[in-house]
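Here is work35.cif, consisting of mmCIF, C-alpha atoms:
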data_target
#
loop_
_atom_site.group_PDB
_atom_site.id
_atom_site.type_symbol
_atom_site.label_atom_id
_atom_site.label_comp_id
_atom_site.auth_asym_id
_atom_site.auth_seq_id
_atom_site.Cartn_x
_atom_site.Cartn_y
_atom_site.Cartn_z
ATOM 1 C CA MET A 1 0.365 -8.585 0.252
ATOM 2 C CA ASP A 2 0.868 -6.080 3.040
ATOM 3 C CA GLY A 3 2.640 -8.150 5.609
ATOM 4 C CA ARG A 4 3.472 -11.485 7.130
ATOM 5 C CA PHE A 5 3.350 -12.341 10.791
ATOM 6 C CA ASP A 6 5.042 -14.974 12.881
ATOM 7 C CA PRO A 7 2.415 -17.407 14.214
ATOM 8 C CA ARG A 8 4.782 -18.546 16.968
ATOM 9 C CA LEU A 9 4.531 -15.172 18.715
ATOM 10 C CA THR A 10 1.780 -14.326 21.177
ATOM 11 C CA SER A 11 0.836 -11.144 19.257
ATOM 12 C CA ILE A 12 0.574 -10.221 15.585
ATOM 13 C CA PHE A 13 3.268 -7.605 14.941
ATOM 14 C CA VAL A 14 3.629 -5.351 11.901
ATOM 15 C CA TYR A 15 6.314 -2.806 11.069
ATOM 16 C CA GLY A 16 5.685 0.827 10.304
ATOM 17 C CA THR A 17 7.164 4.301 10.507
ATOM 18 C CA ILE A 18 6.240 7.337 12.564
ATOM 19 C CA LEU A 19 7.196 10.859 11.531
ATOM 20 C CA GLY A 20 7.997 13.389 14.245
ATOM 21 C CA PRO A 21 9.267 16.961 14.497
ATOM 22 C CA ALA A 22 12.872 15.696 14.791
ATOM 23 C CA GLY A 23 12.727 12.891 12.224
ATOM 24 C CA GLN A 24 11.215 9.496 11.730
ATOM 25 C CA THR A 25 11.698 6.047 13.161
ATOM 26 C CA ARG A 26 10.742 2.506 12.289
ATOM 27 C CA VAL A 27 8.421 0.863 14.812
ATOM 28 C CA ARG A 28 7.158 -2.614 15.609
ATOM 29 C CA LEU A 29 3.466 -2.491 16.487
ATOM 30 C CA ALA A 30 1.087 -5.155 17.753
ATOM 31 C CA VAL A 31 -2.294 -5.353 16.039
ATOM 32 C CA ASP A 32 -4.874 -4.795 18.787
ATOM 33 C CA THR A 33 -8.448 -4.622 17.524
ATOM 34 C CA GLY A 34 -9.621 -4.573 21.142
ATOM 35 C CA SER A 35 -8.004 -1.168 21.713
ATOM 36 C CA THR A 36 -10.025 1.859 20.610
ATOM 37 C CA ARG A 37 -6.927 4.057 20.378
ATOM 38 C CA THR A 38 -3.436 3.524 19.002
ATOM 39 C CA ILE A 39 -0.781 3.511 21.727
ATOM 40 C CA ILE A 40 2.872 4.406 21.176
ATOM 41 C CA ARG A 41 5.639 4.149 23.779
ATOM 42 C CA ALA A 42 6.266 7.592 25.260
ATOM 43 C CA SER A 43 10.038 7.079 24.866
ATOM 44 C CA VAL A 44 9.613 6.507 21.094
ATOM 45 C CA LEU A 45 7.568 9.696 20.698
ATOM 46 C CA SER A 46 10.153 11.685 22.701
ATOM 47 C CA TYR A 47 12.953 10.214 20.567
ATOM 48 C CA ILE A 48 11.423 11.624 17.354
ATOM 49 C CA GLY A 49 10.825 15.047 18.859
ATOM 50 C CA TYR A 50 7.420 15.113 20.510
ATOM 51 C CA ASP A 51 7.319 17.087 23.760
ATOM 52 C CA LEU A 52 4.968 15.158 26.029
ATOM 53 C CA THR A 53 4.748 18.066 28.486
ATOM 54 C CA LYS A 54 3.369 20.672 26.033
ATOM 55 C CA ASN A 55 0.324 20.735 23.743
ATOM 56 C CA VAL A 56 -1.055 17.466 25.073
ATOM 57 C CA THR A 57 -4.186 16.602 26.943
ATOM 58 C CA ARG A 58 -4.296 13.930 29.583
ATOM 59 C CA SER A 59 -6.885 11.212 29.710
ATOM 60 C CA ARG A 60 -7.634 8.240 31.917
ATOM 61 C CA MET A 61 -6.983 5.031 30.058
ATOM 62 C CA THR A 62 -7.637 1.487 31.163
ATOM 63 C CA THR A 63 -4.754 -0.761 30.157
ATOM 64 C CA ALA A 64 -3.703 -4.292 30.952
ATOM 65 C CA THR A 65 -1.774 -2.940 33.948
ATOM 66 C CA GLY A 66 -4.577 -0.765 35.351
ATOM 67 C CA VAL A 67 -5.983 2.747 34.957
ATOM 68 C CA GLN A 68 -3.422 5.397 34.021
ATOM 69 C CA LEU A 69 -3.516 9.124 33.313
ATOM 70 C CA VAL A 70 -1.729 9.332 29.951
ATOM 71 C CA PRO A 71 -0.739 12.082 27.492
ATOM 72 C CA ILE A 72 -2.912 12.192 24.357
ATOM 73 C CA LEU A 73 -1.530 13.966 21.283
ATOM 74 C CA ARG A 74 -1.896 14.224 17.526
ATOM 75 C CA ILE A 75 1.074 12.811 15.670
ATOM 76 C CA LEU A 76 2.339 13.378 12.162
ATOM 77 C CA PRO A 77 1.835 10.483 9.762
ATOM 78 C CA LEU A 78 1.991 6.917 10.989
ATOM 79 C CA SER A 79 2.477 4.366 8.200
ATOM 80 C CA ALA A 80 1.898 0.616 8.407
ATOM 81 C CA LEU A 81 0.323 -2.038 6.175
ATOM 82 C CA ASN A 82 0.452 0.295 3.141
ATOM 83 C CA HIS A 83 -1.755 2.829 4.959
ATOM 84 C CA THR A 84 -0.669 6.280 6.152
ATOM 85 C CA THR A 85 -2.702 8.501 8.459
ATOM 86 C CA THR A 86 -2.429 11.122 11.187
ATOM 87 C CA LEU A 87 -3.840 9.993 14.508
ATOM 88 C CA ILE A 88 -4.477 11.085 18.034
ATOM 89 C CA VAL A 89 -2.450 8.571 20.051
ATOM 90 C CA ALA A 90 -1.836 7.766 23.685
ATOM 91 C CA ALA A 91 1.761 8.018 24.913
ATOM 92 C CA VAL A 92 2.239 5.127 27.323
ATOM 93 C CA GLU A 93 5.303 3.424 28.715
ATOM 94 C CA LEU A 94 4.372 -0.177 28.044
ATOM 95 C CA PRO A 95 5.687 -2.990 30.249
ATOM 96 C CA ALA A 96 9.288 -4.021 29.579
ATOM 97 C CA THR A 97 8.022 -7.525 28.808
ATOM 98 C CA PHE A 98 6.092 -6.199 25.789
ATOM 99 C CA ASP A 99 8.284 -6.705 22.722
ATOM 100 C CA GLY A 100 7.077 -3.792 20.601
ATOM 101 C CA HIS A 101 6.900 -0.019 20.313
ATOM 102 C CA GLY A 102 3.126 0.211 20.610
ATOM 103 C CA LEU A 103 -0.302 -1.076 19.630
ATOM 104 C CA LEU A 104 -2.266 -0.349 16.471
ATOM 105 C CA GLY A 105 -5.786 0.268 17.727
ATOM 106 C CA ARG A 106 -9.132 0.319 15.937
ATOM 107 C CA ASP A 107 -8.715 4.021 15.096
ATOM 108 C CA PHE A 108 -5.924 3.085 12.654
ATOM 109 C CA PHE A 109 -8.100 0.506 10.878
ATOM 110 C CA GLU A 110 -11.293 2.609 10.743
ATOM 111 C CA GLY A 111 -12.864 2.681 7.277
ATOM 112 C CA ARG A 112 -10.585 -0.086 5.966
ATOM 113 C CA VAL A 113 -10.878 -3.825 5.475
ATOM 114 C CA LEU A 114 -8.467 -5.717 7.731
ATOM 115 C CA THR A 115 -7.830 -9.346 6.764
ATOM 116 C CA ILE A 116 -5.789 -11.697 8.923
ATOM 117 C CA ASP A 117 -5.111 -15.046 7.252
ATOM 118 C CA PHE A 118 -4.036 -17.580 9.862
ATOM 119 C CA VAL A 119 -3.296 -20.224 7.215
ATOM 120 C CA LYS A 120 -0.893 -18.125 5.120
ATOM 121 C CA HIS A 121 0.207 -15.972 8.116
ATOM 122 C CA THR A 122 -0.509 -12.748 6.256
ATOM 123 C CA ILE A 123 -2.211 -9.522 7.235
ATOM 124 C CA THR A 124 -3.627 -7.008 4.754
ATOM 125 C CA LEU A 125 -5.335 -3.645 5.068
ATOM 126 C CA ARG A 126 -7.142 -2.196 2.090
ATOM 127 C CA ARG A 127 -9.820 0.271 1.133
ATOM 128 C CA PRO A 128 -13.299 -1.197 0.768
ATOM 129 C CA ARG A 129 -14.350 -1.888 -2.794
ATOM 130 C CA TRP A 130 -16.799 0.701 -4.070
ATOM 131 C CA TRP A 131 -19.405 -1.899 -5.003
ATOM 132 C CA ALA A 132 -19.526 -3.156 -1.423
ATOM 133 C CA PHE A 133 -21.591 -0.071 -0.583
ATOM 134 C CA TRP A 134 -24.371 -1.124 -2.991
ATOM 135 C CA ARG A 135 -25.295 -4.330 -1.167
#
For this file, write the structure as structure tokens.
Amino acid sequence: MDGRFDPRLTSIFVYGTILGPAGQTRVRLAVDTGSTRTIIRASVLSYIGYDLTKNVTRSRMTTATGVQLVPILRILPLSALNHTTTLIVAAVELPATFDGHGLLGRDFFEGRVLTIDFVKHTITLRRPRWWAFWR
């Protein structure tokens, strides 16, 4: 089992770690399959050593609060749900009312099987079985 979630909360949160140039930190991320890109709070990325003024591109992103011009950068490994990958993420300061450090978007789940069990309150992410390709 990869993780449990609290069904009383409005979002499904999982814990992970992000590695940066100055160290690593544990993060609480909401699972957001409606987001194409993973989003991490800019303050969290700065805390672990990412300079959001250098070596980043800026892109327009539509969020729940409107359209923003946000820094886009490649981060060192992000680990959650027994899966580790490098990603290009958006650095966004999320609303203070959001109780997490970011959102795990579809880019994190790409090529994996995501299972959310609302009876057992578990969430798992695994590689597809090889025989699934022969159907």
- Task: For the file shown, report as a PyMOL selection string the outcome of the PyMOL selection byres ((chain A and resi 7) around 12) at residue level.
- Result: chain A and resi 4-6+8-13+116-123
Requested write-out: C-alpha atoms of the selected residues, as a PDB file, in the coordinates of the input:
ATOM      1  CA  ARG A   4       3.472 -11.485   7.130  1.00  0.00           C
ATOM      2  CA  PHE A   5       3.350 -12.341  10.791  1.00  0.00           C
ATOM      3  CA  ASP A   6       5.042 -14.974  12.881  1.00  0.00           C
ATOM      4  CA  ARG A   8       4.782 -18.546  16.968  1.00  0.00           C
ATOM      5  CA  LEU A   9       4.531 -15.172  18.715  1.00  0.00           C
ATOM      6  CA  THR A  10       1.780 -14.326  21.177  1.00  0.00           C
ATOM      7  CA  SER A  11       0.836 -11.144  19.257  1.00  0.00           C
ATOM      8  CA  ILE A  12       0.574 -10.221  15.585  1.00  0.00           C
ATOM      9  CA  PHE A  13       3.268  -7.605  14.941  1.00  0.00           C
ATOM     10  CA  ILE A 116      -5.789 -11.697   8.923  1.00  0.00           C
ATOM     11  CA  ASP A 117      -5.111 -15.046   7.252  1.00  0.00           C
ATOM     12  CA  PHE A 118      -4.036 -17.580   9.862  1.00  0.00           C
ATOM     13  CA  VAL A 119      -3.296 -20.224   7.215  1.00  0.00           C
ATOM     14  CA  LYS A 120      -0.893 -18.125   5.120  1.00  0.00           C
ATOM     15  CA  HIS A 121       0.207 -15.972   8.116  1.00  0.00           C
ATOM     16  CA  THR A 122      -0.509 -12.748   6.256  1.00  0.00           C
ATOM     17  CA  ILE A 123      -2.211  -9.522   7.235  1.00  0.00           C
TER      18      ILE A 123
END
- Query: Taking into account only C-alpha atoms, which residue in the set A:Arg127, A:Gly66, A:Leu19, A:Ala42 is nearest to Gly102 of chain A?
  - Reply: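 Closest residue, counting only C-alpha atoms: A:Ala42.
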- Quick one: pull the distance between atom CA of Leu69 of chain A and atom CA of Asp51 of chain A, Å, one decimal.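 If I compute the distance from atom CA of Leu69 of chain A to atom CA of Asp51 of chain A, I get 16.5 Å.
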- Note on the structure: Of A:Leu52, A:Gly3, A:Arg58, A:Leu76, the one nearest to Gly23 of chain A when counting only C-alpha atoms is A:Leu76
- Query: Between A:Pro95, A:Gly111, A:Gly100, A:Gly105, which has the minimum distance to Val44 of chain A (counting all atoms listed in the file)?
  - Reply: A:Gly100
- Work out how far apart atom CA of Ala22 of chain A and atom CA of Val89 of chain A are and give it in Å to one decimal.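 Separation of atom CA of Ala22 of chain A and atom CA of Val89 of chain A: 17.7 Å.
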- Message: When you look at Arg112 of chain A with a cut-off of 6 Å (counting all atoms listed in the file), what residues show up, excluding the ones that are within fewer than 2 positions of it in the same chain? I need them as an NGL selection string.
- Response: :A and (109-110 or 126-128)
- Item | Distance criterion (all atoms listed in the file): nearest to Gln68 of chain A out of A:Gln24, A:Leu94, A:Gly49, A:Phe108 |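 Looking only at the distances to Gln68 of chain A, the closest residue turns out to be A:Leu94.
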